[in-house]
file structure-v2.txt (compact mmCIF, C-alpha atoms and all ligand atoms)
# COMPACT_ATOMS: atom_id res chain seq x y z
CA LEU A 13 -165.62 115.50 -19.31
CA PRO A 14 -163.75 116.55 -22.47
CA ALA A 15 -163.35 113.74 -24.98
CA ARG A 16 -159.90 112.17 -24.83
CA ARG A 17 -157.80 112.30 -27.94
CA THR A 18 -156.82 108.82 -29.01
CA GLU A 19 -153.44 109.35 -30.60
CA PRO A 20 -151.18 106.34 -30.89
CA SER A 21 -148.59 106.64 -28.12
CA ALA A 22 -145.74 104.98 -30.02
CA ASP A 23 -144.86 103.13 -33.22
CA VAL A 24 -144.02 99.70 -31.84
CA ARG A 25 -143.13 96.86 -34.20
CA ARG A 26 -142.89 93.19 -33.36
CA ASP A 27 -141.07 90.88 -35.75
CA ARG A 28 -142.78 87.59 -36.54
CA LEU A 29 -139.46 85.98 -37.53
CA THR A 30 -137.10 87.06 -34.72
CA GLY A 31 -139.62 88.00 -32.03
CA GLU A 32 -137.70 91.27 -31.63
CA THR A 33 -139.54 94.45 -30.57
CA THR A 34 -138.62 97.86 -31.99
CA LEU A 35 -139.66 101.41 -31.18
CA VAL A 36 -139.61 103.69 -34.22
CA VAL A 37 -138.76 107.24 -33.13
CA PRO A 38 -138.15 109.10 -36.40
CA GLU A 39 -137.88 112.57 -34.87
CA TRP A 40 -134.41 111.66 -33.69
CA GLU A 41 -132.86 111.28 -37.14
CA THR A 42 -131.82 114.95 -37.35
CA ALA A 43 -130.22 114.84 -33.92
CA LYS A 44 -128.15 111.80 -34.84
CA ALA A 45 -127.20 113.23 -38.23
CA ALA A 46 -125.42 116.02 -36.36
CA ASN A 47 -122.87 113.50 -35.08
CA PRO A 48 -122.09 111.24 -38.06
CA SER A 49 -118.50 110.52 -36.95
CA ALA A 50 -119.90 108.23 -34.25
CA LEU A 51 -120.88 105.84 -37.05
CA GLU A 52 -117.80 105.82 -39.28
CA LEU A 53 -116.06 102.51 -39.91
CA LYS A 54 -113.07 102.00 -37.63
CA MET A 55 -110.94 98.92 -38.16
CA PRO A 56 -109.07 97.26 -35.27
CA SER A 57 -105.28 97.56 -35.45
CA GLY A 58 -104.97 93.81 -34.80
CA THR A 59 -101.79 91.81 -34.33
CA THR A 60 -98.62 92.59 -36.33
CA PRO A 61 -97.75 90.81 -38.51
CA CYS A 62 -101.31 89.82 -39.40
CA PRO A 63 -101.79 86.13 -38.43
CA PHE A 64 -104.36 85.63 -41.25
CA CYS A 65 -102.28 86.98 -44.16
CA PRO A 66 -100.67 84.40 -46.50
CA ALA A 67 -97.15 85.35 -45.32
CA GLN A 68 -98.04 83.99 -41.85
CA MET A 69 -100.69 81.39 -42.76
CA ASP A 70 -98.37 79.58 -45.17
CA GLN A 71 -95.62 79.06 -42.58
CA PRO A 72 -95.23 75.43 -41.41
CA VAL A 73 -96.07 76.56 -37.86
CA THR A 74 -98.40 79.54 -37.59
CA SER A 75 -99.53 81.74 -34.74
CA ALA A 76 -103.09 81.70 -36.06
CA GLY A 77 -104.20 78.33 -34.71
CA GLU A 78 -104.59 74.71 -35.81
CA GLU A 79 -105.99 74.47 -39.35
CA THR A 80 -109.25 72.51 -39.86
CA ALA A 81 -109.90 73.05 -43.59
CA ARG A 82 -108.50 74.92 -46.57
CA VAL A 83 -110.21 75.89 -49.84
CA ALA A 84 -107.79 76.17 -52.74
CA GLY A 85 -108.12 78.49 -55.72
CA GLY A 86 -109.71 81.88 -55.86
CA SER A 87 -109.38 84.60 -58.45
CA ARG A 88 -106.20 86.03 -56.91
CA GLN A 89 -104.08 83.03 -57.90
CA GLY A 90 -102.91 82.60 -54.31
CA SER A 91 -102.48 79.23 -52.63
CA TRP A 92 -105.88 79.43 -50.94
CA ALA A 93 -109.20 81.25 -51.08
CA ALA A 94 -110.37 80.55 -47.50
CA VAL A 95 -109.01 78.69 -44.48
CA SER A 96 -110.61 77.59 -41.21
CA LEU A 97 -108.72 77.33 -37.94
CA LEU A 98 -109.45 76.36 -34.36
CA ASN A 99 -109.90 79.61 -32.45
CA ARG A 100 -107.02 80.06 -30.02
CA TRP A 101 -109.55 81.64 -27.64
CA PRO A 102 -112.48 79.17 -27.66
CA HIS A 103 -115.93 80.41 -26.63
CA THR A 104 -117.06 77.19 -24.97
CA LEU A 105 -115.45 74.44 -22.90
CA ARG A 106 -115.02 72.35 -26.06
CA ARG A 107 -111.75 73.53 -27.56
CA ASP A 108 -112.58 71.92 -30.92
CA ALA A 109 -115.91 73.76 -31.29
CA SER A 110 -114.78 77.36 -31.90
CA GLU A 111 -113.42 78.05 -35.36
CA VAL A 112 -112.26 81.13 -37.20
CA VAL A 113 -112.83 81.16 -40.96
CA VAL A 114 -110.44 83.45 -42.83
CA LEU A 115 -112.63 84.67 -45.69
CA SER A 116 -109.94 85.83 -48.12
CA ASP A 117 -106.18 85.95 -48.57
CA ASP A 118 -106.63 89.69 -49.17
CA HIS A 119 -106.14 91.63 -45.93
CA ASP A 120 -108.26 94.56 -47.14
CA ALA A 121 -111.18 92.66 -48.70
CA HIS A 122 -114.63 92.10 -47.22
CA LEU A 123 -117.74 90.29 -48.44
CA GLY A 124 -119.08 93.50 -49.96
CA SER A 125 -116.01 94.01 -52.15
CA MET A 126 -114.94 90.46 -53.01
CA ASP A 127 -115.30 88.84 -56.39
CA LEU A 128 -118.47 86.66 -56.33
CA ASP A 129 -116.52 83.44 -57.01
CA ASP A 130 -114.19 84.14 -54.08
CA ALA A 131 -117.05 85.19 -51.78
CA SER A 132 -118.91 81.97 -52.69
CA LEU A 133 -115.89 79.87 -51.69
CA ALA A 134 -115.65 81.76 -48.38
CA VAL A 135 -119.37 81.36 -47.60
CA GLY A 136 -119.12 77.71 -48.66
CA LEU A 137 -116.43 77.13 -46.03
CA LEU A 138 -118.52 78.82 -43.32
CA LEU A 139 -121.41 76.48 -44.21
CA GLU A 140 -119.14 73.43 -44.35
CA ARG A 141 -117.69 74.11 -40.88
CA ALA A 142 -121.20 74.68 -39.50
CA GLU A 143 -122.34 71.36 -40.97
CA ASP A 144 -119.28 69.65 -39.48
CA GLN A 145 -120.28 70.89 -36.03
CA ARG A 146 -123.93 69.96 -36.55
CA GLN A 147 -122.85 66.42 -37.36
CA ARG A 148 -120.98 66.38 -34.06
CA GLY A 149 -124.23 67.12 -32.21
CA LEU A 150 -123.53 70.83 -31.67
CA HIS A 151 -125.66 73.88 -32.58
CA PRO A 152 -123.51 76.02 -34.88
CA LEU A 153 -123.64 79.78 -34.52
CA VAL A 154 -122.17 81.44 -37.61
CA PHE A 155 -121.32 85.12 -37.72
CA VAL A 156 -118.99 87.72 -39.19
CA ASN A 157 -117.75 90.86 -37.41
CA HIS A 158 -116.43 93.67 -39.59
CA GLY A 159 -115.02 96.75 -37.87
CA THR A 160 -114.25 97.64 -34.27
CA ASP A 161 -117.84 98.62 -33.44
CA ALA A 162 -118.98 95.18 -34.59
CA GLY A 163 -116.57 93.44 -32.23
CA ALA A 164 -113.78 92.51 -34.65
CA SER A 165 -110.33 92.30 -33.05
CA GLN A 166 -108.46 91.59 -36.30
CA PRO A 167 -108.87 93.70 -39.46
CA HIS A 168 -108.34 90.73 -41.81
CA PRO A 169 -111.77 89.51 -43.08
CA HIS A 170 -112.90 86.53 -41.02
CA GLY A 171 -115.99 84.82 -39.67
CA GLN A 172 -116.61 82.55 -36.71
CA VAL A 173 -118.37 79.23 -36.31
CA ILE A 174 -119.11 78.28 -32.73
CA GLY A 175 -120.63 74.93 -31.85
CA LEU A 176 -122.93 75.71 -28.95
CA PRO A 177 -124.21 73.01 -26.59
CA VAL A 178 -127.73 74.55 -26.92
CA PRO A 179 -129.42 76.41 -29.83
CA ASP A 180 -128.83 80.17 -29.80
CA PRO A 181 -131.84 82.01 -28.30
CA VAL A 182 -132.77 83.94 -31.47
CA GLY A 183 -132.57 80.77 -33.56
CA LEU A 184 -134.83 79.06 -31.03
CA VAL A 185 -137.44 81.85 -31.31
CA GLU A 186 -137.24 81.77 -35.10
CA ALA A 187 -137.72 78.01 -35.49
CA PRO A 188 -141.56 77.97 -35.24
CA ALA A 189 -141.77 80.88 -37.74
CA LEU A 190 -139.85 78.83 -40.30
CA VAL A 191 -141.97 75.68 -40.32
CA PRO A 192 -142.65 74.61 -43.92
CA GLY A 193 -146.16 75.53 -45.02
CA CYS A 194 -146.36 78.59 -42.75
CA CYS A 195 -142.82 79.92 -43.10
CA VAL A 196 -142.68 83.73 -42.88
CA LEU A 197 -139.67 83.82 -45.23
CA CYS A 198 -141.63 81.97 -47.93
CA GLU A 199 -144.29 84.72 -47.91
CA GLU A 200 -144.32 87.39 -50.60
CA THR A 201 -142.51 90.43 -49.15
CA PRO A 202 -144.49 93.69 -49.32
CA GLU A 203 -142.92 96.19 -51.74
CA ASP A 204 -142.09 98.63 -48.95
CA ARG A 205 -139.81 96.04 -47.31
CA LEU A 206 -138.19 94.76 -50.50
CA VAL A 207 -134.64 96.02 -51.17
CA ALA A 208 -133.77 93.81 -54.15
CA ARG A 209 -134.80 90.64 -55.91
CA LEU A 210 -131.71 88.81 -57.17
CA GLY A 211 -131.55 85.57 -59.14
CA GLY A 212 -131.67 83.15 -56.21
CA ALA A 213 -132.32 85.40 -53.22
CA SER A 214 -134.12 88.51 -52.07
CA ILE A 215 -132.88 91.25 -49.81
CA ILE A 216 -135.56 92.50 -47.45
CA THR A 217 -135.80 94.74 -44.41
CA PRO A 218 -137.15 93.09 -41.24
CA GLU A 219 -140.64 93.75 -39.87
CA ALA A 220 -138.94 95.13 -36.76
CA PRO A 221 -135.41 96.23 -37.68
CA THR A 222 -133.00 95.97 -34.73
CA VAL A 223 -131.24 99.11 -36.01
CA ASP A 224 -131.60 101.51 -38.94
CA TYR A 225 -130.67 99.84 -42.25
CA ASP A 226 -131.00 96.30 -40.86
CA GLN A 227 -131.44 93.82 -43.75
CA ILE A 228 -132.05 90.10 -44.27
CA VAL A 229 -130.79 88.08 -47.23
CA VAL A 230 -133.38 85.40 -47.96
CA PRO A 231 -132.72 82.66 -50.52
CA THR A 232 -135.78 82.05 -52.70
CA ILE A 233 -135.80 78.32 -51.99
CA HIS A 234 -136.83 76.96 -48.59
CA GLY A 235 -134.09 74.38 -48.22
CA PRO A 236 -130.37 73.84 -47.78
CA ALA A 237 -128.28 77.00 -48.13
CA GLU A 238 -126.53 77.60 -51.46
CA PRO A 239 -123.21 79.42 -50.91
CA ARG A 240 -123.41 81.37 -54.17
CA GLU A 241 -126.95 82.70 -53.56
CA ILE A 242 -125.96 83.76 -50.06
CA ALA A 243 -122.67 85.34 -51.17
CA ALA A 244 -124.42 87.27 -53.96
CA GLY A 245 -127.14 88.49 -51.59
CA VAL A 246 -124.74 89.48 -48.81
CA GLY A 247 -122.44 91.28 -51.28
CA ALA A 248 -125.34 93.26 -52.76
CA ALA A 249 -126.79 94.07 -49.31
CA LEU A 250 -123.43 95.35 -48.04
CA ARG A 251 -122.80 97.47 -51.13
CA ALA A 252 -126.29 99.00 -50.86
CA LEU A 253 -125.72 99.66 -47.15
CA TRP A 254 -122.39 101.42 -47.63
CA ALA A 255 -123.71 103.38 -50.62
CA VAL A 256 -126.35 104.87 -48.32
CA THR A 257 -124.53 105.18 -44.97
CA GLY A 258 -120.89 105.30 -46.05
CA PRO A 259 -118.56 102.61 -44.66
CA VAL A 260 -119.84 101.41 -41.27
CA SER A 261 -119.09 98.37 -39.12
CA TYR A 262 -121.47 95.46 -39.54
CA ASN A 263 -122.28 91.98 -38.32
CA LEU A 264 -123.61 89.09 -40.35
CA VAL A 265 -125.47 86.29 -38.59
CA LEU A 266 -126.16 83.22 -40.70
CA HIS A 267 -129.19 81.20 -39.58
CA LEU A 268 -129.05 77.88 -41.36
CA VAL A 269 -132.01 75.81 -40.17
CA GLU A 270 -135.22 75.33 -42.21
CA HIS A 271 -135.21 78.46 -44.40
CA PRO A 272 -131.59 79.69 -44.30
CA HIS A 273 -131.06 83.45 -44.21
CA VAL A 274 -128.49 86.04 -43.22
CA HIS A 275 -129.06 89.03 -40.95
CA VAL A 276 -126.99 91.96 -42.25
CA THR A 277 -126.90 94.28 -39.24
CA PRO A 278 -124.94 97.53 -39.43
CA ARG A 279 -123.62 99.25 -36.34
CA THR A 280 -125.32 102.53 -37.15
CA ALA A 281 -126.15 103.31 -33.53
CA ARG A 282 -124.74 102.67 -30.10
CA HIS A 283 -126.69 100.68 -27.55
CA SER A 284 -128.42 103.01 -25.18
CA GLY A 285 -130.25 101.11 -22.46
CA TYR A 286 -133.44 100.11 -24.30
CA GLU A 287 -131.66 97.03 -25.63
CA LEU A 288 -131.12 95.77 -22.08
CA ALA A 289 -134.90 95.67 -21.78
CA GLY A 290 -135.22 93.78 -25.08
CA LEU A 291 -136.25 96.88 -27.06
CA HIS A 292 -134.56 98.17 -30.19
CA THR A 293 -134.90 101.66 -31.62
CA CYS A 294 -135.04 102.94 -35.17
CA TYR A 295 -134.53 106.62 -35.85
CA ILE A 296 -135.60 106.51 -39.50
CA PRO A 297 -138.97 105.05 -40.58
CA PRO A 298 -138.23 101.53 -41.93
CA THR A 299 -140.09 102.32 -45.17
CA VAL A 300 -137.60 105.16 -45.75
CA THR A 301 -134.49 103.07 -45.06
CA SER A 302 -135.90 100.33 -47.26
CA ALA A 303 -136.49 102.74 -50.16
CA ARG A 304 -132.98 104.21 -49.82
CA LEU A 305 -131.40 100.74 -49.82
CA ALA A 306 -133.57 99.67 -52.79
CA GLU A 307 -132.44 102.67 -54.81
CA ALA A 308 -128.78 101.91 -54.02
CA ALA A 309 -129.25 98.20 -54.82
CA THR A 310 -130.76 99.06 -58.23
CA ALA A 311 -127.77 101.29 -59.05
CA ASP A 312 -125.41 98.53 -57.87
CA ALA A 313 -127.14 95.92 -60.07
CA MET A 314 -126.81 98.24 -63.08
CA ARG A 315 -123.09 98.73 -62.39
CA GLU A 316 -122.60 94.96 -62.02
CA ALA A 317 -124.42 94.29 -65.30
CA ALA A 318 -122.29 96.92 -67.10
CA ARG A 319 -119.12 95.42 -65.63
CA ARG A 320 -120.14 91.93 -66.83
CA SER A 321 -120.92 93.14 -70.36
CA ASP A 322 -117.54 94.97 -70.46
CA ALA A 323 -115.80 91.77 -69.40
CA ALA A 324 -117.66 89.66 -72.00
ZN ZN B 401 -104.08 90.05 -42.98
ZN ZN B 402 -139.49 79.20 -46.07
ZN ZN B 403 -132.64 84.69 -38.34

call {"tool": "encode", "arguments": {"input": "structure-v2.txt", "output": "structure tokens"}}
result
Amino acid sequence: LPARRTEPSADVRRDRLTGETTLVVPEWETAKAANPSALELKMPSGTTPCPFCPAQMDQPVTSAGEETARVAGGSRQGSWAAVSLLNRWPHTLRRDASEVVVLSDDHDAHLGSMDLDDASLAVGLLLERAEDQRQRGLHPLVFVNHGTDAGASQPHPHGQVIGLPVPDPVGLVEAPALVPGCCVLCEETPEDRLVARLGGASIITPEAPTVDYDQIVVPTIHGPAEPREIAAGVGAALRALWAVTGPVSYNLVLHLVEHPHVHVTPRTARHSGYELAGLHTCYIPPTVTSARLAEAATADAMREAARRSDAA
């Protein structure tokens, strides 16, 4: 019998943090590049007038929902920097456990464009509302949808905090990987998965990205989340992403137990059937996406440093 060739049949990655499984099929990149319009950022038209703009939010009675907290200040000299509200369309049977957090008084801002002080206040409110739910015995799920393809129904920047009766399934899988002493996020990240090292956080690409240009913002310290470190990391990750892909929709998922971190997941591909079987696909080798993001993050850091020295 002729000797069988033993070629690997597929590049399959399994992520030790999320438990996700990814097939890397790089030959497809050229095919997808032929249809880039499928990936462009589209914003929802939303309700008119916008319920989250100051003109509506500062009315005595608003259409947005019952207010739960308000953070004053912000660089724009408005009356508030961020506001949380009970979601008028709750996700669970507990009507007090679904909140919307309006992240800015600026209709056209997002966490990649906001001033760091303002973004820190917004992230701080997301964390505060999550902690409020945790203290009420719920399991907070914290996420941001930006763009129609990411599930946003309003264009105004906002996040959601949902107090679930059970932990979310991904968080449950991640918990054993985040135990102090053998936490995968405390490990040194290999250079080919490192996008940027900031003051208090790193930006890395996952072992098994769920989509091309998937990133994780990982605070350096294993402990309670610091809003400013997270805001700085998320801002830098989003700017690097858009510098490489152009504006695309994205989701942020904030996991806040043990070693807090943020999944920065762009909608750079449509679901295609694999996902229903628990498989993700990447069309670009993760080392390549990581290198492209790292180059963009370096350029962004240089621009930020120049801007700060101009301001000083
Ligand atoms: Zn608005
Ligand atoms: Zn850790
Ligand atoms: Zn996570």

call {"tool": "residues_near_ligand", "arguments": {"input": "structure-v2.txt", "ligand": "ligand ZN 401 (chain B)", "cutoff": "8 Å", "atoms": "all atoms listed in the file", "output": "PyMOL selection string"}}
result
chain A and resi 61-66+117-120+167-169

call {"tool": "residues_around", "arguments": {"input": "structure-v2.txt", "residues": "range 80-87 of chain A", "least_positions_apart": "2", "cutoff": "7 Å", "atoms": "only C-alpha atoms", "output": "list in words"}}
result
Glu78, Gln89, Gly90, Ser91, Trp92, Ala93, Ala94, Val95, Ser96, Leu97, Leu98 and Asp130 of chain A

call {"tool": "closest_residue", "arguments": {"input": "structure-v2.txt", "among": "A:Ala308, A:Val191, A:Val37, A:Val265", "to": "Cys294 in chain A", "atoms": "all atoms listed in the file"}}
result
A:Val37

call {"tool": "closest_atom_pairs", "arguments": {"input": "structure-v2.txt", "of": "chain A", "to": "ligand ZN 403 (chain B)", "cutoff": "9 Å", "atoms": "all atoms listed in the file", "output": "Markdown table"}}
result
| residue | atom | partner | partner_atom | distance |
| --- | --- | --- | --- | --- |
| A:Leu29 | CA | B:ZN403 | ZN | 7.0 |
| A:Thr30 | CA | B:ZN403 | ZN | 6.2 |
| A:Val182 | CA | B:ZN403 | ZN | 6.9 |
| A:Gly183 | CA | B:ZN403 | ZN | 6.2 |
| A:Val185 | CA | B:ZN403 | ZN | 9.0 |
| A:Glu186 | CA | B:ZN403 | ZN | 6.3 |
| A:Ala187 | CA | B:ZN403 | ZN | 8.9 |
| A:Ile228 | CA | B:ZN403 | ZN | 8.0 |
| A:Val265 | CA | B:ZN403 | ZN | 7.4 |
| A:Leu266 | CA | B:ZN403 | ZN | 7.1 |
| A:His267 | CA | B:ZN403 | ZN | 5.1 |
| A:Leu268 | CA | B:ZN403 | ZN | 8.3 |
| A:Pro272 | CA | B:ZN403 | ZN | 7.9 |
| A:His273 | CA | B:ZN403 | ZN | 6.2 |
| A:Val274 | CA | B:ZN403 | ZN | 6.5 |
| A:His275 | CA | B:ZN403 | ZN | 6.2 |

call {"tool": "write_last_selection", "arguments": {"input": "structure-v2.txt", "atoms": "C-alpha atoms", "output": "PDB file, in the frame of the given file"}}
result
ATOM      1  CA  LEU A  29    -139.460  85.980 -37.530  1.00  0.00           C
ATOM      2  CA  THR A  30    -137.100  87.060 -34.720  1.00  0.00           C
ATOM      3  CA  VAL A 182    -132.770  83.940 -31.470  1.00  0.00           C
ATOM      4  CA  GLY A 183    -132.570  80.770 -33.560  1.00  0.00           C
ATOM      5  CA  VAL A 185    -137.440  81.850 -31.310  1.00  0.00           C
ATOM      6  CA  GLU A 186    -137.240  81.770 -35.100  1.00  0.00           C
ATOM      7  CA  ALA A 187    -137.720  78.010 -35.490  1.00  0.00           C
ATOM      8  CA  ILE A 228    -132.050  90.100 -44.270  1.00  0.00           C
ATOM      9  CA  VAL A 265    -125.470  86.290 -38.590  1.00  0.00           C
ATOM     10  CA  LEU A 266    -126.160  83.220 -40.700  1.00  0.00           C
ATOM     11  CA  HIS A 267    -129.190  81.200 -39.580  1.00  0.00           C
ATOM     12  CA  LEU A 268    -129.050  77.880 -41.360  1.00  0.00           C
ATOM     13  CA  PRO A 272    -131.590  79.690 -44.300  1.00  0.00           C
ATOM     14  CA  HIS A 273    -131.060  83.450 -44.210  1.00  0.00           C
ATOM     15  CA  VAL A 274    -128.490  86.040 -43.220  1.00  0.00           C
ATOM     16  CA  HIS A 275    -129.060  89.030 -40.950  1.00  0.00           C
TER      17      HIS A 275
END

call {"tool": "closest_residue", "arguments": {"input": "structure-v2.txt", "among": "A:Glu238, A:Glu316, A:Glu203, A:Asp144", "to": "Ser302 in chain A", "atoms": "only C-alpha atoms"}}
result
A:Glu203

call {"tool": "closest_residue", "arguments": {"input": "structure-v2.txt", "among": "A:Arg240, A:His292, A:Arg304, A:Lys54", "to": "Leu210 in chain A", "atoms": "all atoms listed in the file"}}
result
A:Arg240

call {"tool": "residues_near_ligand", "arguments": {"input": "structure-v2.txt", "ligand": "ligand ZN 402 (chain B)", "cutoff": "12 Å", "atoms": "all atoms listed in the file", "output": "JSON, numbers by chain"}}
result
{"A": [29, 186, 187, 188, 189, 190, 191, 192, 193, 194, 195, 196, 197, 198, 199, 200, 213, 230, 231, 232, 233, 234, 235, 236, 237, 268, 269, 270, 271, 272, 273]}

call {"tool": "residues_around", "arguments": {"input": "structure-v2.txt", "residues": "Gly245 in chain A", "least_positions_apart": "6", "cutoff": "12 Å", "atoms": "all atoms listed in the file", "output": "ChimeraX atom specification"}}
result
/A:123-124,128,131-132,135,207-216,227-232,238-239,251-252,264,273-276,309,312-313

call {"tool": "atom_distance", "arguments": {"input": "structure-v2.txt", "atom1": "CA of Ser165 in chain A", "atom2": "CA of Gly58 in chain A"}}
result
5.8 Å

call {"tool": "residues_around", "arguments": {"input": "structure-v2.txt", "residues": "Gly159 in chain A", "least_positions_apart": "3", "cutoff": "10 Å", "atoms": "all atoms listed in the file", "output": "number ranges by chain"}}
result
A: 52-56, 156, 162-169, 259-263, 279

call {"tool": "atom_distance", "arguments": {"input": "structure-v2.txt", "atom1": "CA of Asp129 in chain A", "atom2": "CA of Ala243 in chain A"}}
result
8.7 Å

call {"tool": "atom_distance", "arguments": {"input": "structure-v2.txt", "atom1": "CA of Met69 in chain A", "atom2": "CA of Leu150 in chain A"}}
result
27.5 Å

call {"tool": "residues_around", "arguments": {"input": "structure-v2.txt", "residues": "Leu35 in chain A", "least_positions_apart": "6", "cutoff": "9 Å", "atoms": "all atoms listed in the file", "output": "ChimeraX atom specification"}}
result
/A:22-25,220,291-295

call {"tool": "axis_aligned_box", "arguments": {"input": "structure-v2.txt", "around": "range 159-178 of chain A", "padding_each_side": "3 Å", "output": "JSON"}}
result
{"center_x": -118.0, "center_y": 85.8, "center_z": -34.8, "size_x": 25.4, "size_y": 31.6, "size_z": 22.5}

call {"tool": "residues_around", "arguments": {"input": "structure-v2.txt", "residues": "Arg107 in chain A", "least_positions_apart": "3", "cutoff": "12 Å", "atoms": "all atoms listed in the file", "output": "ChimeraX atom specification"}}
result
/A:77-78,97-104,110-111,174-176

call {"tool": "closest_residue", "arguments": {"input": "structure-v2.txt", "among": "A:Thr277, A:Ser321, A:Thr301, A:Thr222", "to": "Thr34 in chain A", "atoms": "all atoms listed in the file"}}
result
A:Thr222

call {"tool": "residues_near_point", "arguments": {"input": "structure-v2.txt", "point": "(-132.4, 100.8, -39.6)", "cutoff": "7 Å", "atoms": "all atoms listed in the file", "output": "JSON, numbers by chain"}}
result
{"A": [221, 222, 223, 224, 225, 226, 294, 296, 298, 301]}

call {"tool": "build_atoms", "arguments": {"input": "structure-v2.txt", "residues": "range 270-276 of chain A", "atoms": "all heavy atoms", "output": "mmCIF file, keeping the file's coordinate frame"}}
result
data_model
loop_
_atom_site.group_PDB
_atom_site.id
_atom_site.type_symbol
_atom_site.label_atom_id
_atom_site.label_comp_id
_atom_site.auth_asym_id
_atom_site.auth_seq_id
_atom_site.Cartn_x
_atom_site.Cartn_y
_atom_site.Cartn_z
ATOM 1 N N GLU A 270 -133.967 75.170 -41.449
ATOM 2 C CA GLU A 270 -135.220 75.330 -42.210
ATOM 3 C C GLU A 270 -135.029 76.246 -43.426
ATOM 4 O O GLU A 270 -134.576 75.809 -44.452
ATOM 5 C CB GLU A 270 -136.360 75.829 -41.318
ATOM 6 C CG GLU A 270 -136.854 74.786 -40.322
ATOM 7 C CD GLU A 270 -137.631 73.651 -40.981
ATOM 8 O OE1 GLU A 270 -137.859 73.694 -42.202
ATOM 9 O OE2 GLU A 270 -137.996 72.695 -40.264
ATOM 10 N N HIS A 271 -135.386 77.523 -43.290
ATOM 11 C CA HIS A 271 -135.210 78.460 -44.400
ATOM 12 C C HIS A 271 -133.981 79.318 -44.077
ATOM 13 O O HIS A 271 -134.079 80.285 -43.303
ATOM 14 C CB HIS A 271 -136.457 79.338 -44.559
ATOM 15 C CG HIS A 271 -136.554 79.979 -45.904
ATOM 16 N ND1 HIS A 271 -137.748 80.145 -46.579
ATOM 17 C CD2 HIS A 271 -135.596 80.495 -46.723
ATOM 18 C CE1 HIS A 271 -137.512 80.743 -47.751
ATOM 19 N NE2 HIS A 271 -136.212 80.965 -47.846
ATOM 20 N N PRO A 272 -132.818 78.961 -44.654
ATOM 21 C CA PRO A 272 -131.590 79.690 -44.300
ATOM 22 C C PRO A 272 -131.721 81.167 -44.665
ATOM 23 O O PRO A 272 -132.432 81.517 -45.607
ATOM 24 C CB PRO A 272 -130.514 79.027 -45.168
ATOM 25 C CG PRO A 272 -131.122 77.787 -45.695
ATOM 26 C CD PRO A 272 -132.598 77.974 -45.706
ATOM 27 N N HIS A 273 -131.050 82.008 -43.908
ATOM 28 C CA HIS A 273 -131.060 83.450 -44.210
ATOM 29 C C HIS A 273 -129.913 84.101 -43.463
ATOM 30 O O HIS A 273 -129.331 83.499 -42.556
ATOM 31 C CB HIS A 273 -132.412 84.066 -43.797
ATOM 32 C CG HIS A 273 -132.746 83.873 -42.353
ATOM 33 N ND1 HIS A 273 -133.286 82.702 -41.871
ATOM 34 C CD2 HIS A 273 -132.571 84.676 -41.280
ATOM 35 C CE1 HIS A 273 -133.461 82.803 -40.566
ATOM 36 N NE2 HIS A 273 -133.022 83.992 -40.174
ATOM 37 N N VAL A 274 -129.601 85.322 -43.850
ATOM 38 C CA VAL A 274 -128.490 86.040 -43.220
ATOM 39 C C VAL A 274 -128.983 87.405 -42.749
ATOM 40 O O VAL A 274 -129.540 88.177 -43.536
ATOM 41 C CB VAL A 274 -127.321 86.256 -44.214
ATOM 42 C CG1 VAL A 274 -126.144 86.941 -43.514
ATOM 43 C CG2 VAL A 274 -126.887 84.935 -44.834
ATOM 44 N N HIS A 275 -128.768 87.697 -41.479
ATOM 45 C CA HIS A 275 -129.060 89.030 -40.950
ATOM 46 C C HIS A 275 -127.846 89.914 -41.216
ATOM 47 O O HIS A 275 -126.732 89.576 -40.809
ATOM 48 C CB HIS A 275 -129.337 88.967 -39.453
ATOM 49 C CG HIS A 275 -130.540 88.135 -39.106
ATOM 50 N ND1 HIS A 275 -131.804 88.657 -39.057
ATOM 51 C CD2 HIS A 275 -130.661 86.810 -38.829
ATOM 52 C CE1 HIS A 275 -132.668 87.686 -38.749
ATOM 53 N NE2 HIS A 275 -132.002 86.550 -38.603
ATOM 54 N N VAL A 276 -128.062 91.003 -41.931
ATOM 55 C CA VAL A 276 -126.990 91.960 -42.250
ATOM 56 C C VAL A 276 -127.259 93.188 -41.383
ATOM 57 O O VAL A 276 -128.120 94.008 -41.714
ATOM 58 C CB VAL A 276 -126.985 92.318 -43.747
ATOM 59 C CG1 VAL A 276 -125.872 93.308 -44.064
ATOM 60 C CG2 VAL A 276 -126.859 91.051 -44.603
#
